[in-house]
Amino acid sequence: MRTKCCSDSLSAIATLWVAARVLAFSPFPLAAAAFDTAFALAAAAGIAVPLLRSRNRRNYFFIALLISLGMANLAFHLGMAGVIDLPLRLGLQAGLDIVLLIMIVMAGRVIPMFTMNGVPGALCTRLPLIERLAPASVAVLLAADLFAAPIAALTPLAVVTPIAAFAAIVNGVRLALWRPWRTLHTPIVWILHFSYAWIVLALALRALALADLVPASTATHALTVGAIGGLTLGMMTRTARGHTGRPLQSGRAEIFCYIAIQFAAVIRVFVPLVLPSLYSQSIFVSGLLWSTAFGIFTVSYWPILSRPRLDGRPG
């Protein structure tokens, strides 16, 4: 009964997400905003129930983050529709910062563990100060994005730039302490490290963009294509295999997906910088690689996720 309830809840949440995307192409922008916001709030409620039942206080803040993501999303939609007078970039950047914060917290919990479990002899060093500063620096960056810009005396260049640079340095040190070079022979692990490297690069590009040294879009695409795309693929393949009783190993399909998503990010971020004349082509090729990676994942993992576990256990 509980499994069926969970399945129904997930289906309802997924339906909200799909409906929002379909309505985005309709002449009803406020309907898309409503469904998109409902998706984030439903996801928050979905994780809130088990967390509150188990009194898992350590993870309560994820509920608040998802609710905040829904509010940032709503602000963006209402700004797009002209309902409220709010800079579109503010809602978008706040949403990206929240997603970034979620990724950094989760990565700190799982990447070192997955690395040491999956790579013989690997030793990820976790310094308490660095582990606290990595998410804290991004939380401060989120606060600066929300509150510094409206204050005339605190320009984004003076406030946000050093915070973004500091966050890049701290998270770069964190990644180096995890010794990513030791994972190169284990694709199901190195994809997580490579994706985290895109987080570091996105923060560095954010600082450079605020100093008008690179376009702001480079930081956005490093985060969305490289970090979000890579971590999503890496975690989906690992958890799908682990929760269906399969060995935690990557085959040709997974490796292709991992490499494709990395090339998609490299092309989307760097080709427009080096060869501006190929801007349109870089978008097309990057989008094609990104879509191909997730398409192959879908085709390869549908049989895995739609059949019983290999070991006969429930789940």
# chains A, B, ... in the order shown; residues from 1 in each chain; ligands from 1

call {"tool": "select_by_dssp", "arguments": {"residues": "range 49-190 of chain A", "states": "helix (DSSP H, G or I)", "output": "number ranges by chain"}}
result
A: 49-53, 57-80, 88-118, 128-147, 156-177, 180-183, 187-190

call {"tool": "residues_around", "arguments": {"residues": "range 260-273 of chain A", "least_positions_apart": "4", "cutoff": "8 Å", "atoms": "only C-alpha atoms", "output": "MDAnalysis selection string"}}
result
chainID A and resid 214 218:219 221:222 225:226 229:230 256 277:279 282:283 285:290 292:293

call {"tool": "residues_around", "arguments": {"residues": "Leu141 in chain A", "least_positions_apart": "6", "cutoff": "10 Å", "atoms": "only C-alpha atoms", "output": "list in words"}}
result
Ala94, Asp97, Ile98, Leu101, Pro135, Phe147, Ala148, Val159, Val160, Thr161, Pro162, Ile163, Ala164, Ala165, Phe166, Ala167 and Leu203 of chain A

call {"tool": "write_last_selection", "arguments": {"atoms": "N, CA and C atoms", "output": "CSV table (one decimal), in the first residue's frame"}}
result
chain,number,residue,atom,x,y,z
A,94,ALA,N,18.3,33.7,-8.5
A,94,ALA,CA,17.9,33.1,-7.2
A,94,ALA,C,17.6,31.7,-7.3
A,97,ASP,N,20.9,29.8,-7.9
A,97,ASP,CA,21.6,29.7,-6.6
A,97,ASP,C,21.1,28.7,-5.7
A,98,ILE,N,19.8,28.5,-5.6
A,98,ILE,CA,19.2,27.5,-4.7
A,98,ILE,C,19.5,26.1,-5.2
A,101,LEU,N,23.1,25.4,-4.4
A,101,LEU,CA,23.2,25.1,-2.9
A,101,LEU,C,22.8,23.7,-2.6
A,135,PRO,N,29.3,25.1,1.3
A,135,PRO,CA,27.9,25.5,1.1
A,135,PRO,C,27.6,26.9,1.7
A,147,PHE,N,19.8,40.6,-2.0
A,147,PHE,CA,19.7,41.9,-1.3
A,147,PHE,C,20.7,42.9,-1.7
A,148,ALA,N,21.8,42.5,-2.3
A,148,ALA,CA,22.8,43.6,-2.6
A,148,ALA,C,22.4,44.4,-3.8
A,159,VAL,N,30.1,43.6,-4.3
A,159,VAL,CA,29.7,42.7,-3.3
A,159,VAL,C,29.7,41.2,-3.8
A,160,VAL,N,29.0,41.0,-4.9
A,160,VAL,CA,28.8,39.6,-5.4
A,160,VAL,C,30.1,39.0,-6.0
A,161,THR,N,30.9,39.8,-6.7
A,161,THR,CA,32.1,39.3,-7.3
A,161,THR,C,33.0,38.7,-6.4
A,162,PRO,N,33.4,39.3,-5.3
A,162,PRO,CA,34.4,38.6,-4.3
A,162,PRO,C,33.7,37.4,-3.7
A,163,ILE,N,32.4,37.4,-3.5
A,163,ILE,CA,31.8,36.3,-2.9
A,163,ILE,C,31.8,35.1,-3.8
A,164,ALA,N,31.5,35.3,-5.1
A,164,ALA,CA,31.5,34.3,-6.1
A,164,ALA,C,33.0,33.7,-6.3
A,165,ALA,N,34.0,34.6,-6.3
A,165,ALA,CA,35.4,34.2,-6.4
A,165,ALA,C,35.8,33.3,-5.2
A,166,PHE,N,35.4,33.8,-4.0
A,166,PHE,CA,35.7,33.0,-2.8
A,166,PHE,C,35.0,31.6,-2.8
A,167,ALA,N,33.8,31.6,-3.2
A,167,ALA,CA,33.0,30.3,-3.3
A,167,ALA,C,33.7,29.4,-4.3
A,203,LEU,N,31.2,29.1,-10.8
A,203,LEU,CA,31.4,30.1,-9.8
A,203,LEU,C,32.5,31.1,-10.2

call {"tool": "residues_around", "arguments": {"residues": "range 69-79 of chain A", "least_positions_apart": "3", "cutoff": "9 Å", "atoms": "only C-alpha atoms", "output": "PyMOL selection string"}}
result
chain A and resi 29-30+32-34+36-41+64-66+82-96+98-99

call {"tool": "closest_residue", "arguments": {"among": "A:Ile255, A:Ala44, A:Val18, A:Leu275", "to": "His185 in chain A", "atoms": "only C-alpha atoms"}}
result
A:Ile255

call {"tool": "residues_around", "arguments": {"residues": "Leu133 in chain A", "least_positions_apart": "2", "cutoff": "12 Å", "atoms": "only C-alpha atoms", "output": "count of residues only"}}
result
27

call {"tool": "residues_around", "arguments": {"residues": "range 243-250 of chain A", "least_positions_apart": "6", "cutoff": "12 Å", "atoms": "only C-alpha atoms", "output": "PyMOL selection string"}}
result
chain A and resi 114-115+117-119+185-191+233-237+256-258+297+300-315

call {"tool": "write_last_selection", "arguments": {"atoms": "N, CA and C atoms", "output": "JSON list (two decimals), in the first residue's frame"}}
result
[["chain", "number", "residue", "atom", "x", "y", "z"],
["A", 114, "PHE", "N", 30.79, 7.65, -2.26],
["A", 114, "PHE", "CA", 30.76, 6.85, -3.47],
["A", 114, "PHE", "C", 32.17, 6.60, -4.00],
["A", 115, "THR", "N", 33.03, 7.60, -3.86],
["A", 115, "THR", "CA", 34.40, 7.46, -4.35],
["A", 115, "THR", "C", 35.16, 6.40, -3.56],
["A", 117, "ASN", "N", 33.93, 4.01, -1.76],
["A", 117, "ASN", "CA", 33.31, 2.69, -1.92],
["A", 117, "ASN", "C", 33.57, 2.09, -3.30],
["A", 118, "GLY", "N", 33.71, 2.96, -4.31],
["A", 118, "GLY", "CA", 33.81, 2.46, -5.67],
["A", 118, "GLY", "C", 35.20, 2.40, -6.25],
["A", 119, "VAL", "N", 36.17, 3.08, -5.62],
["A", 119, "VAL", "CA", 37.53, 3.11, -6.14],
["A", 119, "VAL", "C", 38.47, 2.56, -5.07],
["A", 185, "HIS", "N", 39.62, 5.78, -13.88],
["A", 185, "HIS", "CA", 39.36, 4.45, -14.42],
["A", 185, "HIS", "C", 37.99, 3.91, -13.98],
["A", 186, "THR", "N", 37.20, 4.75, -13.32],
["A", 186, "THR", "CA", 35.88, 4.32, -12.83],
["A", 186, "THR", "C", 34.85, 5.36, -13.28],
["A", 187, "PRO", "N", 34.29, 5.19, -14.49],
["A", 187, "PRO", "CA", 33.41, 6.24, -15.05],
["A", 187, "PRO", "C", 32.21, 6.59, -14.16],
["A", 188, "ILE", "N", 31.63, 5.61, -13.49],
["A", 188, "ILE", "CA", 30.43, 5.88, -12.69],
["A", 188, "ILE", "C", 30.76, 6.77, -11.49],
["A", 189, "VAL", "N", 32.05, 6.92, -11.20],
["A", 189, "VAL", "CA", 32.49, 7.82, -10.13],
["A", 189, "VAL", "C", 33.06, 9.11, -10.71],
["A", 190, "TRP", "N", 33.86, 9.00, -11.78],
["A", 190, "TRP", "CA", 34.48, 10.24, -12.28],
["A", 190, "TRP", "C", 33.45, 11.22, -12.84],
["A", 191, "ILE", "N", 32.30, 10.73, -13.30],
["A", 191, "ILE", "CA", 31.29, 11.65, -13.79],
["A", 191, "ILE", "C", 30.84, 12.61, -12.69],
["A", 233, "LEU", "N", 22.82, 12.91, -14.53],
["A", 233, "LEU", "CA", 23.10, 11.63, -15.19],
["A", 233, "LEU", "C", 23.87, 10.68, -14.28],
["A", 234, "GLY", "N", 24.89, 11.21, -13.60],
["A", 234, "GLY", "CA", 25.70, 10.37, -12.74],
["A", 234, "GLY", "C", 24.91, 9.76, -11.60],
["A", 235, "MET", "N", 24.06, 10.56, -10.97],
["A", 235, "MET", "CA", 23.27, 10.05, -9.85],
["A", 235, "MET", "C", 22.16, 9.12, -10.33],
["A", 236, "MET", "N", 21.55, 9.43, -11.46],
["A", 236, "MET", "CA", 20.48, 8.56, -11.96],
["A", 236, "MET", "C", 21.00, 7.19, -12.33],
["A", 237, "THR", "N", 22.15, 7.13, -13.00],
["A", 237, "THR", "CA", 22.68, 5.82, -13.39],
["A", 237, "THR", "C", 23.09, 5.02, -12.16],
["A", 256, "PHE", "N", 29.11, 6.60, -22.82],
["A", 256, "PHE", "CA", 28.79, 7.52, -23.91],
["A", 256, "PHE", "C", 28.01, 8.72, -23.39],
["A", 257, "CYS", "N", 27.03, 8.46, -22.52],
["A", 257, "CYS", "CA", 26.23, 9.55, -21.96],
["A", 257, "CYS", "C", 27.10, 10.51, -21.16],
["A", 258, "TYR", "N", 28.02, 9.96, -20.35],
["A", 258, "TYR", "CA", 28.89, 10.80, -19.53],
["A", 258, "TYR", "C", 29.76, 11.70, -20.41],
["A", 297, "PHE", "N", 20.07, 7.46, -22.17],
["A", 297, "PHE", "CA", 19.79, 7.02, -20.80],
["A", 297, "PHE", "C", 18.36, 6.49, -20.69],
["A", 300, "SER", "N", 18.01, 3.13, -22.48],
["A", 300, "SER", "CA", 18.78, 2.07, -21.83],
["A", 300, "SER", "C", 18.21, 1.69, -20.47],
["A", 301, "TYR", "N", 17.67, 2.67, -19.76],
["A", 301, "TYR", "CA", 17.26, 2.42, -18.37],
["A", 301, "TYR", "C", 15.77, 2.17, -18.21],
["A", 302, "TRP", "N", 14.98, 2.35, -19.26],
["A", 302, "TRP", "CA", 13.56, 2.03, -19.14],
["A", 302, "TRP", "C", 13.35, 0.56, -18.76],
["A", 303, "PRO", "N", 14.02, -0.40, -19.42],
["A", 303, "PRO", "CA", 13.85, -1.80, -19.00],
["A", 303, "PRO", "C", 14.33, -2.05, -17.57],
["A", 304, "ILE", "N", 15.37, -1.35, -17.15],
["A", 304, "ILE", "CA", 15.90, -1.53, -15.80],
["A", 304, "ILE", "C", 14.90, -1.03, -14.76],
["A", 305, "LEU", "N", 14.32, 0.13, -15.01],
["A", 305, "LEU", "CA", 13.45, 0.77, -14.02],
["A", 305, "LEU", "C", 12.01, 0.26, -14.06],
["A", 306, "SER", "N", 11.64, -0.44, -15.11],
["A", 306, "SER", "CA", 10.26, -0.91, -15.24],
["A", 306, "SER", "C", 10.11, -2.40, -14.91],
["A", 307, "ARG", "N", 11.19, -3.03, -14.49],
["A", 307, "ARG", "CA", 11.15, -4.46, -14.16],
["A", 307, "ARG", "C", 11.54, -4.66, -12.70],
["A", 308, "PRO", "N", 11.22, -5.82, -12.13],
["A", 308, "PRO", "CA", 11.59, -6.09, -10.74],
["A", 308, "PRO", "C", 13.11, -6.12, -10.55],
["A", 309, "ARG", "N", 13.54, -5.95, -9.30],
["A", 309, "ARG", "CA", 14.95, -6.03, -8.97],
["A", 309, "ARG", "C", 15.51, -7.40, -9.35],
["A", 310, "LEU", "N", 16.79, -7.42, -9.70],
["A", 310, "LEU", "CA", 17.40, -8.69, -10.07],
["A", 310, "LEU", "C", 17.52, -9.64, -8.88],
["A", 311, "ASP", "N", 17.68, -9.08, -7.68],
["A", 311, "ASP", "CA", 17.85, -9.93, -6.51],
["A", 311, "ASP", "C", 16.54, -10.32, -5.85],
["A", 312, "GLY", "N", 15.40, -9.92, -6.44],
["A", 312, "GLY", "CA", 14.12, -10.31, -5.91],
["A", 312, "GLY", "C", 13.63, -9.52, -4.71],
["A", 313, "ARG", "N", 14.43, -8.57, -4.24],
["A", 313, "ARG", "CA", 14.02, -7.77, -3.09],
["A", 313, "ARG", "C", 13.00, -6.72, -3.53],
["A", 314, "PRO", "N", 12.17, -6.23, -2.60],
["A", 314, "PRO", "CA", 11.21, -5.17, -2.98],
["A", 314, "PRO", "C", 11.93, -3.86, -3.26],
["A", 315, "GLY", "N", 11.34, -3.06, -4.11],
["A", 315, "GLY", "CA", 11.93, -1.77, -4.44],
["A", 315, "GLY", "C", 11.93, -1.49, -5.91]]

call {"tool": "closest_residue", "arguments": {"among": "A:Ala24, A:Leu213, A:Ala240, A:Ala176", "to": "Leu123 in chain A", "atoms": "only C-alpha atoms"}}
result
A:Ala176

call {"tool": "atom_distance", "arguments": {"atom1": "CA of Ile111 in chain A", "atom2": "CA of Gly295 in chain A"}}
result
24.8 Å

call {"tool": "decode", "arguments": {"residues": "range 182-225 of chain A", "atoms": "N, CA and C atoms", "output": "compact mmCIF listing (two decimals), in the first residue's frame"}}
result
# COMPACT_ATOMS: atom_id res chain seq x y z
N ARG A 182 42.05 10.09 -9.05
CA ARG A 182 42.07 8.66 -8.74
C ARG A 182 40.83 7.93 -9.25
N THR A 183 39.88 8.65 -9.81
CA THR A 183 38.63 8.04 -10.27
C THR A 183 38.60 7.83 -11.78
N LEU A 184 39.67 8.18 -12.48
CA LEU A 184 39.63 8.22 -13.94
C LEU A 184 39.35 6.86 -14.58
N HIS A 185 39.62 5.78 -13.88
CA HIS A 185 39.36 4.45 -14.42
C HIS A 185 37.99 3.91 -13.98
N THR A 186 37.20 4.75 -13.32
CA THR A 186 35.88 4.32 -12.83
C THR A 186 34.85 5.36 -13.28
N PRO A 187 34.29 5.19 -14.49
CA PRO A 187 33.41 6.24 -15.05
C PRO A 187 32.21 6.59 -14.16
N ILE A 188 31.63 5.61 -13.49
CA ILE A 188 30.43 5.88 -12.69
C ILE A 188 30.76 6.77 -11.49
N VAL A 189 32.05 6.92 -11.20
CA VAL A 189 32.49 7.82 -10.13
C VAL A 189 33.06 9.11 -10.71
N TRP A 190 33.86 9.00 -11.78
CA TRP A 190 34.48 10.24 -12.28
C TRP A 190 33.45 11.22 -12.84
N ILE A 191 32.30 10.73 -13.30
CA ILE A 191 31.29 11.65 -13.79
C ILE A 191 30.84 12.61 -12.69
N LEU A 192 30.83 12.14 -11.44
CA LEU A 192 30.43 13.00 -10.32
C LEU A 192 31.50 14.07 -10.06
N HIS A 193 32.76 13.69 -10.13
CA HIS A 193 33.85 14.64 -9.91
C HIS A 193 33.93 15.66 -11.05
N PHE A 194 33.80 15.20 -12.28
CA PHE A 194 33.83 16.11 -13.42
C PHE A 194 32.68 17.12 -13.31
N SER A 195 31.52 16.64 -12.90
CA SER A 195 30.36 17.52 -12.79
C SER A 195 30.56 18.54 -11.68
N TYR A 196 31.19 18.13 -10.58
CA TYR A 196 31.47 19.08 -9.51
C TYR A 196 32.48 20.13 -9.98
N ALA A 197 33.41 19.72 -10.84
CA ALA A 197 34.37 20.68 -11.39
C ALA A 197 33.65 21.78 -12.17
N TRP A 198 32.53 21.43 -12.81
CA TRP A 198 31.75 22.44 -13.52
C TRP A 198 31.13 23.44 -12.55
N ILE A 199 30.83 23.00 -11.32
CA ILE A 199 30.34 23.93 -10.31
C ILE A 199 31.42 24.96 -9.99
N VAL A 200 32.65 24.49 -9.79
CA VAL A 200 33.77 25.38 -9.50
C VAL A 200 33.96 26.36 -10.65
N LEU A 201 33.92 25.84 -11.87
CA LEU A 201 34.10 26.70 -13.04
C LEU A 201 32.96 27.71 -13.16
N ALA A 202 31.74 27.29 -12.89
CA ALA A 202 30.60 28.19 -12.98
C ALA A 202 30.74 29.35 -12.00
N LEU A 203 31.20 29.07 -10.79
CA LEU A 203 31.40 30.13 -9.80
C LEU A 203 32.51 31.09 -10.24
N ALA A 204 33.59 30.53 -10.79
CA ALA A 204 34.69 31.38 -11.27
C ALA A 204 34.22 32.24 -12.44
N LEU A 205 33.47 31.65 -13.36
CA LEU A 205 32.95 32.42 -14.50
C LEU A 205 31.96 33.48 -14.05
N ARG A 206 31.23 33.19 -12.98
CA ARG A 206 30.29 34.19 -12.44
C ARG A 206 31.06 35.42 -11.97
N ALA A 207 32.16 35.20 -11.27
CA ALA A 207 32.97 36.33 -10.82
C ALA A 207 33.54 37.11 -12.01
N LEU A 208 34.01 36.38 -13.02
CA LEU A 208 34.56 37.04 -14.20
C LEU A 208 33.49 37.80 -14.98
N ALA A 209 32.28 37.23 -15.01
CA ALA A 209 31.18 37.89 -15.73
C ALA A 209 30.79 39.19 -15.05
N LEU A 210 30.77 39.19 -13.73
CA LEU A 210 30.42 40.41 -13.00
C LEU A 210 31.47 41.51 -13.20
N ALA A 211 32.70 41.08 -13.51
CA ALA A 211 33.75 42.04 -13.81
C ALA A 211 33.80 42.38 -15.30
N ASP A 212 32.77 41.92 -16.05
CA ASP A 212 32.64 42.19 -17.49
C ASP A 212 33.79 41.60 -18.30
N LEU A 213 34.34 40.49 -17.85
CA LEU A 213 35.43 39.84 -18.58
C LEU A 213 34.92 38.72 -19.49
N VAL A 214 33.77 38.15 -19.15
CA VAL A 214 33.13 37.13 -19.99
C VAL A 214 31.63 37.38 -19.94
N PRO A 215 30.87 36.88 -20.93
CA PRO A 215 29.41 37.03 -20.88
C PRO A 215 28.82 36.27 -19.69
N ALA A 216 27.75 36.80 -19.12
CA ALA A 216 27.11 36.16 -17.97
C ALA A 216 26.59 34.77 -18.31
N SER A 217 26.23 34.55 -19.57
CA SER A 217 25.66 33.25 -19.96
C SER A 217 26.65 32.11 -19.81
N THR A 218 27.95 32.41 -19.85
CA THR A 218 28.93 31.32 -19.73
C THR A 218 28.83 30.64 -18.37
N ALA A 219 28.65 31.42 -17.31
CA ALA A 219 28.51 30.84 -15.97
C ALA A 219 27.22 30.04 -15.87
N THR A 220 26.14 30.59 -16.45
CA THR A 220 24.86 29.89 -16.40
C THR A 220 24.93 28.54 -17.09
N HIS A 221 25.57 28.49 -18.26
CA HIS A 221 25.63 27.23 -19.00
C HIS A 221 26.62 26.25 -18.39
N ALA A 222 27.68 26.74 -17.77
CA ALA A 222 28.58 25.84 -17.06
C ALA A 222 27.84 25.14 -15.93
N LEU A 223 26.97 25.89 -15.25
CA LEU A 223 26.19 25.32 -14.15
C LEU A 223 25.10 24.39 -14.66
N THR A 224 24.33 24.84 -15.63
CA THR A 224 23.15 24.07 -16.05
C THR A 224 23.50 22.87 -16.92
N VAL A 225 24.36 23.07 -17.92
CA VAL A 225 24.71 21.97 -18.82
C VAL A 225 25.72 21.03 -18.17
